[in-house]
$ cat final34.cif   # mmCIF, C-alpha atoms and all ligand atoms
data_structure
loop_
_atom_site.label_atom_id
_atom_site.label_comp_id
_atom_site.auth_asym_id
_atom_site.auth_seq_id
_atom_site.Cartn_x
_atom_site.Cartn_y
_atom_site.Cartn_z
CA ASN A 1 4.89 11.46 -13.96
CA TYR A 2 5.15 10.12 -17.54
CA LYS A 3 8.63 11.63 -17.81
CA ASP A 4 10.04 9.42 -15.06
CA ILE A 5 12.41 6.75 -16.35
CA ALA A 6 10.52 4.12 -14.33
CA THR A 7 7.55 4.16 -16.71
CA PRO A 8 6.93 1.83 -19.65
CA LEU A 9 6.76 4.79 -22.06
CA ARG A 10 10.03 6.49 -21.15
CA THR A 11 11.86 3.16 -20.81
CA LYS A 12 10.72 2.11 -24.31
CA MET A 13 11.80 5.47 -25.72
CA LEU A 14 15.27 5.06 -24.22
CA LEU A 15 15.55 1.45 -25.44
CA ASP A 16 14.70 2.62 -28.96
CA LYS A 17 16.90 5.69 -28.88
CA TYR A 18 19.97 3.64 -27.92
CA GLY A 19 19.06 0.35 -29.57
CA PHE A 20 19.59 -1.30 -26.20
CA SER A 21 18.89 -5.02 -25.80
CA PHE A 22 18.59 -6.64 -22.37
CA LYS A 23 21.21 -9.11 -21.21
CA LYS A 24 19.58 -11.83 -19.15
CA SER A 25 23.01 -12.98 -17.94
CA LEU A 26 23.44 -9.62 -16.17
CA GLY A 27 20.08 -9.81 -14.44
CA GLN A 28 18.73 -6.87 -16.44
CA ASN A 29 15.10 -6.42 -15.44
CA PHE A 30 14.36 -2.71 -15.28
CA LEU A 31 11.70 -1.25 -13.00
CA VAL A 32 8.85 0.48 -14.82
CA ASP A 33 6.61 1.34 -11.86
CA THR A 34 6.95 4.62 -9.99
CA ASN A 35 4.89 3.27 -7.10
CA VAL A 36 7.42 0.54 -6.30
CA ILE A 37 10.26 3.08 -6.60
CA ASN A 38 8.45 5.40 -4.16
CA ASN A 39 8.09 2.56 -1.65
CA ILE A 40 11.79 1.75 -1.92
CA ILE A 41 12.66 5.41 -1.43
CA SER A 42 10.47 5.87 1.63
CA ALA A 43 11.73 2.65 3.26
CA SER A 44 15.31 3.86 2.89
CA GLY A 45 14.80 7.05 4.91
CA ILE A 46 17.00 9.18 2.63
CA THR A 47 17.69 12.78 3.61
CA GLU A 48 19.57 15.57 1.86
CA LYS A 49 22.58 14.55 3.94
CA SER A 50 22.64 10.92 2.79
CA GLY A 51 25.24 9.39 0.51
CA ILE A 52 23.74 6.54 -1.48
CA ILE A 53 25.45 3.52 -2.99
CA GLU A 54 23.44 1.98 -5.80
CA ILE A 55 24.35 -1.34 -7.39
CA GLY A 56 23.21 -1.71 -11.00
CA PRO A 57 21.57 1.60 -11.96
CA GLY A 58 20.48 0.25 -15.35
CA MET A 59 19.11 3.25 -17.25
CA GLY A 60 18.64 5.23 -14.04
CA SER A 61 15.02 4.54 -13.02
CA LEU A 62 15.84 4.41 -9.31
CA THR A 63 18.97 6.57 -9.58
CA GLU A 64 17.04 9.69 -10.64
CA GLN A 65 14.72 9.46 -7.63
CA LEU A 66 17.74 8.96 -5.34
CA ALA A 67 19.52 11.94 -6.93
CA LYS A 68 16.51 14.18 -6.24
CA ARG A 69 16.56 13.42 -2.51
CA ALA A 70 20.09 12.51 -1.46
CA LYS A 71 23.26 14.55 -1.18
CA LYS A 72 25.16 12.19 -3.46
CA VAL A 73 24.64 8.96 -5.37
CA LEU A 74 27.46 6.58 -6.23
CA ALA A 75 26.34 3.90 -8.67
CA PHE A 76 28.24 0.80 -9.82
CA GLU A 77 27.20 -0.51 -13.23
CA ILE A 78 29.02 -3.39 -14.93
CA ASP A 79 27.47 -2.99 -18.39
CA GLN A 80 29.48 -0.48 -20.38
CA ARG A 81 26.61 -0.09 -22.90
CA LEU A 82 24.60 1.62 -20.15
CA ILE A 83 27.22 4.28 -19.38
CA PRO A 84 26.33 6.67 -22.26
CA ILE A 85 22.63 6.16 -21.52
CA LEU A 86 23.17 7.08 -17.87
CA GLU A 87 25.20 10.12 -18.92
CA ASP A 88 22.15 11.21 -20.86
CA THR A 89 19.46 10.38 -18.28
CA MET A 90 21.47 11.70 -15.31
CA SER A 91 22.50 14.96 -17.03
CA PRO A 92 19.98 17.02 -15.00
CA TYR A 93 21.74 15.95 -11.77
CA ASP A 94 25.19 17.02 -10.63
CA ASN A 95 25.32 14.70 -7.62
CA VAL A 96 25.52 11.32 -9.38
CA THR A 97 28.74 9.41 -10.03
CA VAL A 98 28.59 6.26 -12.11
CA ILE A 99 31.46 3.80 -11.87
CA ASN A 100 31.70 1.28 -14.70
CA GLU A 101 32.83 -1.66 -12.56
CA ASP A 102 31.76 -5.07 -11.34
CA ILE A 103 30.54 -4.48 -7.76
CA LEU A 104 32.13 -7.78 -6.72
CA LYS A 105 35.56 -6.51 -7.78
CA ALA A 106 35.25 -2.82 -6.93
CA ASP A 107 37.06 -1.26 -3.98
CA VAL A 108 33.88 0.05 -2.34
CA LYS A 109 35.69 1.32 0.74
CA ALA A 110 38.00 3.52 -1.32
CA ALA A 111 35.07 4.71 -3.47
CA ILE A 112 33.16 5.75 -0.33
CA GLU A 113 36.18 7.71 0.87
CA THR A 114 36.65 9.38 -2.51
CA HIS A 115 33.04 10.19 -3.37
CA LEU A 116 30.91 10.15 -0.21
CA SER A 117 33.22 11.37 2.57
CA ASP A 118 31.19 14.58 3.00
CA CYS A 119 27.92 12.71 3.55
CA GLU A 120 26.52 12.23 7.03
CA GLU A 121 25.46 8.62 6.49
CA ILE A 122 25.88 5.95 3.84
CA LEU A 123 22.87 3.94 2.65
CA VAL A 124 22.70 1.21 0.05
CA VAL A 125 19.58 1.37 -2.12
CA ALA A 126 19.33 -0.96 -5.09
CA ASN A 127 17.32 -3.21 -7.33
CA LEU A 128 19.99 -5.91 -7.29
CA PRO A 129 21.11 -8.15 -10.14
CA TYR A 130 19.50 -11.32 -8.76
CA TYR A 131 22.13 -13.79 -9.96
CA ILE A 132 24.64 -12.38 -7.45
CA THR A 133 22.45 -11.17 -4.57
CA THR A 134 24.22 -13.28 -1.95
CA PRO A 135 27.84 -12.47 -2.90
CA ILE A 136 26.98 -8.76 -3.15
CA LEU A 137 25.36 -8.60 0.30
CA MET A 138 27.85 -10.87 2.05
CA GLY A 139 30.77 -9.04 0.44
CA LEU A 140 29.54 -5.66 1.67
CA LEU A 141 28.62 -6.94 5.14
CA GLU A 142 31.91 -8.77 5.70
CA GLN A 143 33.94 -5.69 4.84
CA HIS A 144 32.47 -3.85 7.86
CA LEU A 145 31.85 -0.75 5.73
CA PRO A 146 30.23 2.30 7.34
CA ILE A 147 26.84 1.48 5.79
CA LYS A 148 23.84 2.34 7.97
CA SER A 149 21.22 0.34 6.12
CA TYR A 150 20.42 -1.52 2.93
CA VAL A 151 17.08 -1.30 1.13
CA VAL A 152 17.43 -3.85 -1.61
CA MET A 153 15.17 -5.70 -4.00
CA MET A 154 15.96 -9.35 -4.65
CA GLN A 155 14.19 -12.50 -5.67
CA LYS A 156 11.54 -13.36 -3.12
CA GLU A 157 12.99 -16.72 -2.19
CA VAL A 158 16.33 -15.15 -1.22
CA GLY A 159 14.56 -12.39 0.72
CA ASP A 160 12.68 -15.09 2.63
CA ARG A 161 15.98 -16.73 3.52
CA LEU A 162 17.47 -13.50 4.86
CA SER A 163 14.61 -13.01 7.30
CA ALA A 164 13.97 -16.67 8.20
CA VAL A 165 13.77 -17.91 11.80
CA PRO A 166 14.97 -21.33 13.07
CA SER A 167 13.05 -24.50 12.16
CA THR A 168 11.62 -23.09 8.93
CA LYS A 169 12.37 -24.18 5.39
CA SER A 170 14.15 -20.96 4.45
CA TYR A 171 16.42 -20.84 7.52
CA GLY A 172 20.07 -21.53 6.81
CA SER A 173 23.61 -20.22 6.96
CA LEU A 174 22.63 -17.15 4.88
CA SER A 175 19.92 -16.20 7.42
CA ILE A 176 22.47 -16.51 10.20
CA ALA A 177 25.20 -14.56 8.41
CA VAL A 178 22.89 -11.65 7.58
CA GLN A 179 21.21 -11.63 11.00
CA TYR A 180 24.66 -11.61 12.61
CA TYR A 181 25.32 -8.16 11.12
CA THR A 182 21.85 -6.64 10.69
CA THR A 183 18.19 -6.64 11.62
CA VAL A 184 16.06 -7.73 8.69
CA GLU A 185 12.63 -6.37 7.73
CA LYS A 186 10.49 -7.24 4.73
CA VAL A 187 9.29 -4.07 3.04
CA MET A 188 7.09 -5.31 0.20
CA VAL A 189 6.46 -8.16 -2.21
CA VAL A 190 6.82 -7.03 -5.82
CA PRO A 191 5.09 -8.83 -8.70
CA LYS A 192 6.88 -9.71 -11.95
CA GLY A 193 4.79 -7.35 -14.06
CA VAL A 194 6.48 -4.13 -12.88
CA PHE A 195 9.72 -5.01 -14.65
CA MET A 196 10.79 -4.83 -18.24
CA PRO A 197 11.31 -7.61 -19.20
CA PRO A 198 9.48 -9.45 -16.39
CA PRO A 199 11.74 -11.85 -14.43
CA ASN A 200 10.72 -15.48 -13.83
CA VAL A 201 10.25 -14.97 -10.11
CA ASP A 202 8.48 -12.67 -7.70
CA SER A 203 10.59 -10.15 -5.85
CA LEU A 204 10.91 -8.82 -2.34
CA VAL A 205 12.20 -5.50 -1.07
CA VAL A 206 14.13 -6.05 2.16
CA LYS A 207 15.58 -3.57 4.62
CA LEU A 208 18.74 -4.53 6.51
CA THR A 209 19.80 -2.21 9.33
CA THR A 210 23.37 -2.61 10.48
CA LEU A 211 23.62 -3.47 14.18
CA PRO A 212 25.99 -1.41 16.37
CA HIS A 213 27.54 -4.74 17.42
CA PRO A 214 27.07 -8.19 15.89
CA ALA A 215 23.92 -9.91 17.16
CA VAL A 216 25.92 -12.47 19.16
CA GLN A 217 29.37 -12.38 20.72
CA VAL A 218 31.80 -14.78 19.13
CA GLU A 219 35.51 -15.06 19.78
CA ASP A 220 36.37 -16.39 16.33
CA GLU A 221 34.11 -15.19 13.48
CA ALA A 222 35.65 -17.51 10.91
CA LEU A 223 34.95 -20.53 13.13
CA PHE A 224 31.40 -19.34 13.86
CA PHE A 225 30.60 -19.07 10.15
CA LYS A 226 32.27 -22.39 9.41
CA LEU A 227 30.18 -24.12 12.08
CA THR A 228 26.95 -22.55 10.85
CA ARG A 229 27.64 -23.60 7.24
CA SER A 230 28.62 -27.14 8.29
CA ALA A 231 25.40 -27.59 10.25
CA PHE A 232 23.34 -27.28 7.04
CA VAL A 233 25.44 -29.40 4.68
CA GLN A 234 22.83 -32.14 4.89
CA ARG A 235 19.68 -30.59 6.23
CA ARG A 236 18.01 -33.85 7.16
CA LYS A 237 20.92 -35.10 9.23
CA THR A 238 21.39 -34.40 12.92
CA ILE A 239 23.84 -31.75 14.01
CA LEU A 240 26.06 -34.55 15.36
CA ASN A 241 26.20 -36.34 12.03
CA ASN A 242 26.82 -33.17 10.08
CA TYR A 243 29.68 -32.20 12.35
CA MET A 244 31.12 -35.72 12.35
CA SER A 245 31.39 -35.72 8.57
CA VAL A 246 32.54 -32.13 8.20
CA ILE A 247 34.94 -31.47 11.05
CA LYS A 248 37.33 -34.23 10.08
CA GLU A 249 40.47 -32.13 10.26
CA SER A 250 39.77 -31.32 13.91
CA LYS A 251 40.71 -34.90 14.93
CA LEU A 252 37.74 -35.06 17.26
CA TYR A 253 36.19 -38.37 18.25
CA LYS A 254 32.45 -38.83 18.29
CA GLU A 255 32.46 -38.70 22.10
CA ASP A 256 34.28 -35.36 22.00
CA ILE A 257 31.71 -33.91 19.64
CA ILE A 258 28.85 -35.18 21.81
CA LYS A 259 30.49 -33.69 24.87
CA TRP A 260 31.06 -30.36 23.12
CA LEU A 261 27.44 -30.22 21.91
CA GLU A 262 26.02 -31.16 25.30
CA GLU A 263 28.20 -28.75 27.23
CA SER A 264 27.03 -26.04 24.86
CA GLY A 265 23.42 -26.92 25.63
CA VAL A 266 22.68 -28.53 22.26
CA GLU A 267 21.12 -32.01 22.08
CA PRO A 268 23.26 -34.00 19.59
CA ASN A 269 20.19 -35.39 17.81
CA ARG A 270 18.78 -32.00 16.91
CA ARG A 271 18.90 -30.76 13.34
CA GLY A 272 21.10 -27.82 12.46
CA GLU A 273 18.10 -25.92 11.16
CA SER A 274 16.65 -25.74 14.68
CA LEU A 275 19.63 -23.89 16.19
CA SER A 276 19.49 -20.16 16.94
CA LEU A 277 22.33 -17.68 16.45
CA ASN A 278 22.92 -17.79 20.20
CA GLU A 279 23.34 -21.55 20.14
CA PHE A 280 25.81 -21.40 17.26
CA ALA A 281 27.71 -18.69 19.14
CA GLU A 282 27.82 -20.91 22.22
CA LEU A 283 29.10 -23.83 20.13
CA SER A 284 31.83 -21.79 18.51
CA ASN A 285 32.96 -20.20 21.77
CA ASN A 286 33.15 -23.64 23.44
CA PHE A 287 34.86 -25.32 20.51
CA LYS A 288 38.40 -24.50 21.51
CA HIS A 289 38.12 -26.48 24.74
CA PHE A 290 37.64 -29.63 22.74
CA ASN A 291 40.00 -28.89 19.93
CA THR A 292 43.27 -29.83 21.63
N1 LIG A 301 18.27 -0.19 -11.22
C1 LIG A 301 17.73 -0.54 -12.52
C2 LIG A 301 16.22 -0.63 -12.44
O1 LIG A 301 15.73 -0.93 -11.34
O2 LIG A 301 15.55 -0.40 -13.42
C3 LIG A 301 18.32 -1.87 -13.05
C4 LIG A 301 18.21 -3.05 -12.12
S1 LIG A 301 18.62 -4.58 -12.88
C5 LIG A 301 17.70 -5.69 -11.86
C6 LIG A 301 20.27 -4.96 -12.34
C7 LIG A 301 21.39 -4.06 -12.88
O3 LIG A 301 22.64 -4.52 -12.35
C8 LIG A 301 21.57 -4.06 -14.39
O4 LIG A 301 21.70 -2.74 -14.84
C9 LIG A 301 22.88 -4.83 -14.62
O5 LIG A 301 23.58 -4.44 -15.78
C10 LIG A 301 23.65 -4.49 -13.35
N2 LIG A 301 24.68 -5.47 -12.96
C11 LIG A 301 24.69 -6.80 -13.19
N3 LIG A 301 25.78 -7.37 -12.66
C12 LIG A 301 26.48 -6.37 -12.06
C13 LIG A 301 27.71 -6.33 -11.35
N4 LIG A 301 28.42 -7.44 -11.13
N5 LIG A 301 28.16 -5.14 -10.89
C14 LIG A 301 27.44 -4.00 -11.10
N6 LIG A 301 26.27 -3.98 -11.76
C15 LIG A 301 25.78 -5.15 -12.24
#

$ encode --input "final34.cif" --output "structure tokens"
Amino acid sequence: NYKDIATPLRTKMLLDKYGFSFKKSLGQNFLVDTNVINNIISASGITEKSGIIEIGPGMGSLTEQLAKRAKKVLAFEIDQRLIPILEDTMSPYDNVTVINEDILKADVKAAIETHLSDCEEILVVANLPYYITTPILMGLLEQHLPIKSYVVMMQKEVGDRLSAVPSTKSYGSLSIAVQYYTTVEKVMVVPKGVFMPPPNVDSLVVKLTTLPHPAVQVEDEALFFKLTRSAFVQRRKTILNNYMSVIKESKLYKEDIIKWLEESGVEPNRRGESLSLNEFAELSNNFKHFNT
């Protein structure tokens, strides 16, 4: 439909009408392809009972398609210049609320309670601002919000990291953190040309489905995440060497670390990138025995 916002024609008309200029620093690459939008929508499984959180609605290309299908849409947009444009483009819909706030500073939990409490499920659907993909996702996941799933577009390289398995180049502490809370599926690769202006990188739509319980049982989440991050500080070093240089404050001797690794079933000369979530969980749950 030529009237959809996610078309080059309508987007150009809106840019002209409002004299809007893109801010690269805010990751403003607007979608101008209805096909990609339709794929995002169908991957998200929206129903008329869903409450949607969108991060960065831009001029509303995705928002309007969400509004047509969901019960309510709550969109966080940092750029105040877009607010009057969204008021215009969203005027046919009475189920969209736009909050002019930085998603990294917003009280999302309170906003869900205020705006989406009558929805049966909460889904995040967004074409993310790529410069803050990781803090946005980790921030939402760590808050244990009642979000059922996330269908989000991000730069391809970051999407590859989210879904990476051990012993691959993309596997790291981000893969582990996201896979601790969710199952990760790749939905589609998206070429640069469907955005205005085109970004420098290819994109990936990823679906994260929140697990009923974290993927592995850990007694101390903070310690688990600390150990996973430390294991990748120097990727080419062994897990033993990484832990020796990082866990200084623990007052452990080399022999203690070797003993802890071995009793957790991890060969000290392995590289951190080869360890699974289960092995990191084992390490963190055994740590206290050696930390006296
Ligand atoms: N959803 C629109 C689309 O697909 O056409 C725009 C997507 S664009 C990739 C990212 C959007 O996020 C921009 O509208 C930008 O202004 C907004 N944004 C950037 N940083 C933000 C932040 N910290 N909080 C909320 N929105 C942000």

$ residues_near_ligand --input "final34.cif" --ligand "ligand LIG 301 (chain A)" --cutoff "6 Å" --atoms "all atoms listed in the file" --output "PyMOL selection string"
chain A and resi 26-31+55-58+61-62+76-79+102-104+127-129

$ residues_around --input "final34.cif" --residues "range 208-221 of chain A" --least-positions-apart "2" --cutoff "12 Å" --atoms "only C-alpha atoms" --output "count of residues only"
59

$ closest_residue --input "final34.cif" --among "A:Ile136, A:Ala126, A:Ile46, A:Met188" --to "Lys105 in chain A" --atoms "only C-alpha atoms"
A:Ile136

$ atom_distance --input "final34.cif" --atom1 "CA of Lys259 in chain A" --atom2 "CA of Glu273 in chain A"
20.0 Å

$ closest_residue --input "final34.cif" --among "A:Thr63, A:Ser170, A:Ser245, A:Asn200" --to "Lys24 in chain A" --atoms "all atoms listed in the file"
A:Asn200

$ build_atoms --input "final34.cif" --residues "range 35-57 of chain A" --atoms "N, CA and C atoms" --output "PDB file, keeping the file's coordinate frame"
ATOM      1  N   ASN A  35       5.396   3.593  -8.426  1.00  0.00           N
ATOM      2  CA  ASN A  35       4.890   3.270  -7.100  1.00  0.00           C
ATOM      3  C   ASN A  35       5.882   2.419  -6.307  1.00  0.00           C
ATOM      4  N   VAL A  36       6.436   1.399  -6.962  1.00  0.00           N
ATOM      5  CA  VAL A  36       7.420   0.540  -6.300  1.00  0.00           C
ATOM      6  C   VAL A  36       8.660   1.363  -5.942  1.00  0.00           C
ATOM      7  N   ILE A  37       9.091   2.217  -6.865  1.00  0.00           N
ATOM      8  CA  ILE A  37      10.260   3.080  -6.600  1.00  0.00           C
ATOM      9  C   ILE A  37       9.983   3.953  -5.369  1.00  0.00           C
ATOM     10  N   ASN A  38       8.778   4.533  -5.300  1.00  0.00           N
ATOM     11  CA  ASN A  38       8.450   5.400  -4.160  1.00  0.00           C
ATOM     12  C   ASN A  38       8.488   4.624  -2.844  1.00  0.00           C
ATOM     13  N   ASN A  39       8.031   3.386  -2.868  1.00  0.00           N
ATOM     14  CA  ASN A  39       8.090   2.560  -1.650  1.00  0.00           C
ATOM     15  C   ASN A  39       9.526   2.258  -1.239  1.00  0.00           C
ATOM     16  N   ILE A  40      10.372   2.000  -2.210  1.00  0.00           N
ATOM     17  CA  ILE A  40      11.790   1.750  -1.920  1.00  0.00           C
ATOM     18  C   ILE A  40      12.404   3.002  -1.301  1.00  0.00           C
ATOM     19  N   ILE A  41      12.107   4.143  -1.913  1.00  0.00           N
ATOM     20  CA  ILE A  41      12.660   5.410  -1.430  1.00  0.00           C
ATOM     21  C   ILE A  41      12.198   5.689   0.009  1.00  0.00           C
ATOM     22  N   SER A  42      10.907   5.502   0.274  1.00  0.00           N
ATOM     23  CA  SER A  42      10.470   5.870   1.630  1.00  0.00           C
ATOM     24  C   SER A  42      10.979   4.882   2.668  1.00  0.00           C
ATOM     25  N   ALA A  43      11.166   3.615   2.299  1.00  0.00           N
ATOM     26  CA  ALA A  43      11.730   2.650   3.260  1.00  0.00           C
ATOM     27  C   ALA A  43      13.181   2.985   3.595  1.00  0.00           C
ATOM     28  N   SER A  44      13.875   3.634   2.670  1.00  0.00           N
ATOM     29  CA  SER A  44      15.310   3.860   2.890  1.00  0.00           C
ATOM     30  C   SER A  44      15.592   5.058   3.785  1.00  0.00           C
ATOM     31  N   GLY A  45      14.609   5.924   3.998  1.00  0.00           N
ATOM     32  CA  GLY A  45      14.800   7.050   4.910  1.00  0.00           C
ATOM     33  C   GLY A  45      15.883   8.034   4.467  1.00  0.00           C
ATOM     34  N   ILE A  46      15.995   8.252   3.184  1.00  0.00           N
ATOM     35  CA  ILE A  46      17.000   9.180   2.630  1.00  0.00           C
ATOM     36  C   ILE A  46      16.740  10.609   3.096  1.00  0.00           C
ATOM     37  N   THR A  47      17.813  11.331   3.386  1.00  0.00           N
ATOM     38  CA  THR A  47      17.690  12.780   3.610  1.00  0.00           C
ATOM     39  C   THR A  47      18.685  13.490   2.687  1.00  0.00           C
ATOM     40  N   GLU A  48      18.660  14.805   2.733  1.00  0.00           N
ATOM     41  CA  GLU A  48      19.570  15.570   1.860  1.00  0.00           C
ATOM     42  C   GLU A  48      21.014  15.486   2.347  1.00  0.00           C
ATOM     43  N   LYS A  49      21.211  14.750   3.455  1.00  0.00           N
ATOM     44  CA  LYS A  49      22.580  14.550   3.940  1.00  0.00           C
ATOM     45  C   LYS A  49      23.108  13.155   3.632  1.00  0.00           C
ATOM     46  N   SER A  50      22.255  12.316   3.028  1.00  0.00           N
ATOM     47  CA  SER A  50      22.640  10.920   2.790  1.00  0.00           C
ATOM     48  C   SER A  50      23.532  10.777   1.560  1.00  0.00           C
ATOM     49  N   GLY A  51      24.472   9.849   1.673  1.00  0.00           N
ATOM     50  CA  GLY A  51      25.240   9.390   0.510  1.00  0.00           C
ATOM     51  C   GLY A  51      24.729   8.007   0.159  1.00  0.00           C
ATOM     52  N   ILE A  52      24.360   7.809  -1.098  1.00  0.00           N
ATOM     53  CA  ILE A  52      23.740   6.540  -1.480  1.00  0.00           C
ATOM     54  C   ILE A  52      24.679   5.728  -2.365  1.00  0.00           C
ATOM     55  N   ILE A  53      24.770   4.448  -2.077  1.00  0.00           N
ATOM     56  CA  ILE A  53      25.450   3.520  -2.990  1.00  0.00           C
ATOM     57  C   ILE A  53      24.367   2.735  -3.695  1.00  0.00           C
ATOM     58  N   GLU A  54      24.372   2.796  -5.036  1.00  0.00           N
ATOM     59  CA  GLU A  54      23.440   1.980  -5.800  1.00  0.00           C
ATOM     60  C   GLU A  54      24.222   0.939  -6.592  1.00  0.00           C
ATOM     61  N   ILE A  55      23.720  -0.277  -6.606  1.00  0.00           N
ATOM     62  CA  ILE A  55      24.350  -1.340  -7.390  1.00  0.00           C
ATOM     63  C   ILE A  55      23.453  -1.629  -8.578  1.00  0.00           C
ATOM     64  N   GLY A  56      23.984  -1.442  -9.782  1.00  0.00           N
ATOM     65  CA  GLY A  56      23.210  -1.710 -11.000  1.00  0.00           C
ATOM     66  C   GLY A  56      22.150  -0.670 -11.282  1.00  0.00           C
ATOM     67  N   PRO A  57      22.551   0.554 -11.675  1.00  0.00           N
ATOM     68  CA  PRO A  57      21.570   1.600 -11.960  1.00  0.00           C
ATOM     69  C   PRO A  57      20.752   1.357 -13.225  1.00  0.00           C
TER      70      PRO A  57
END
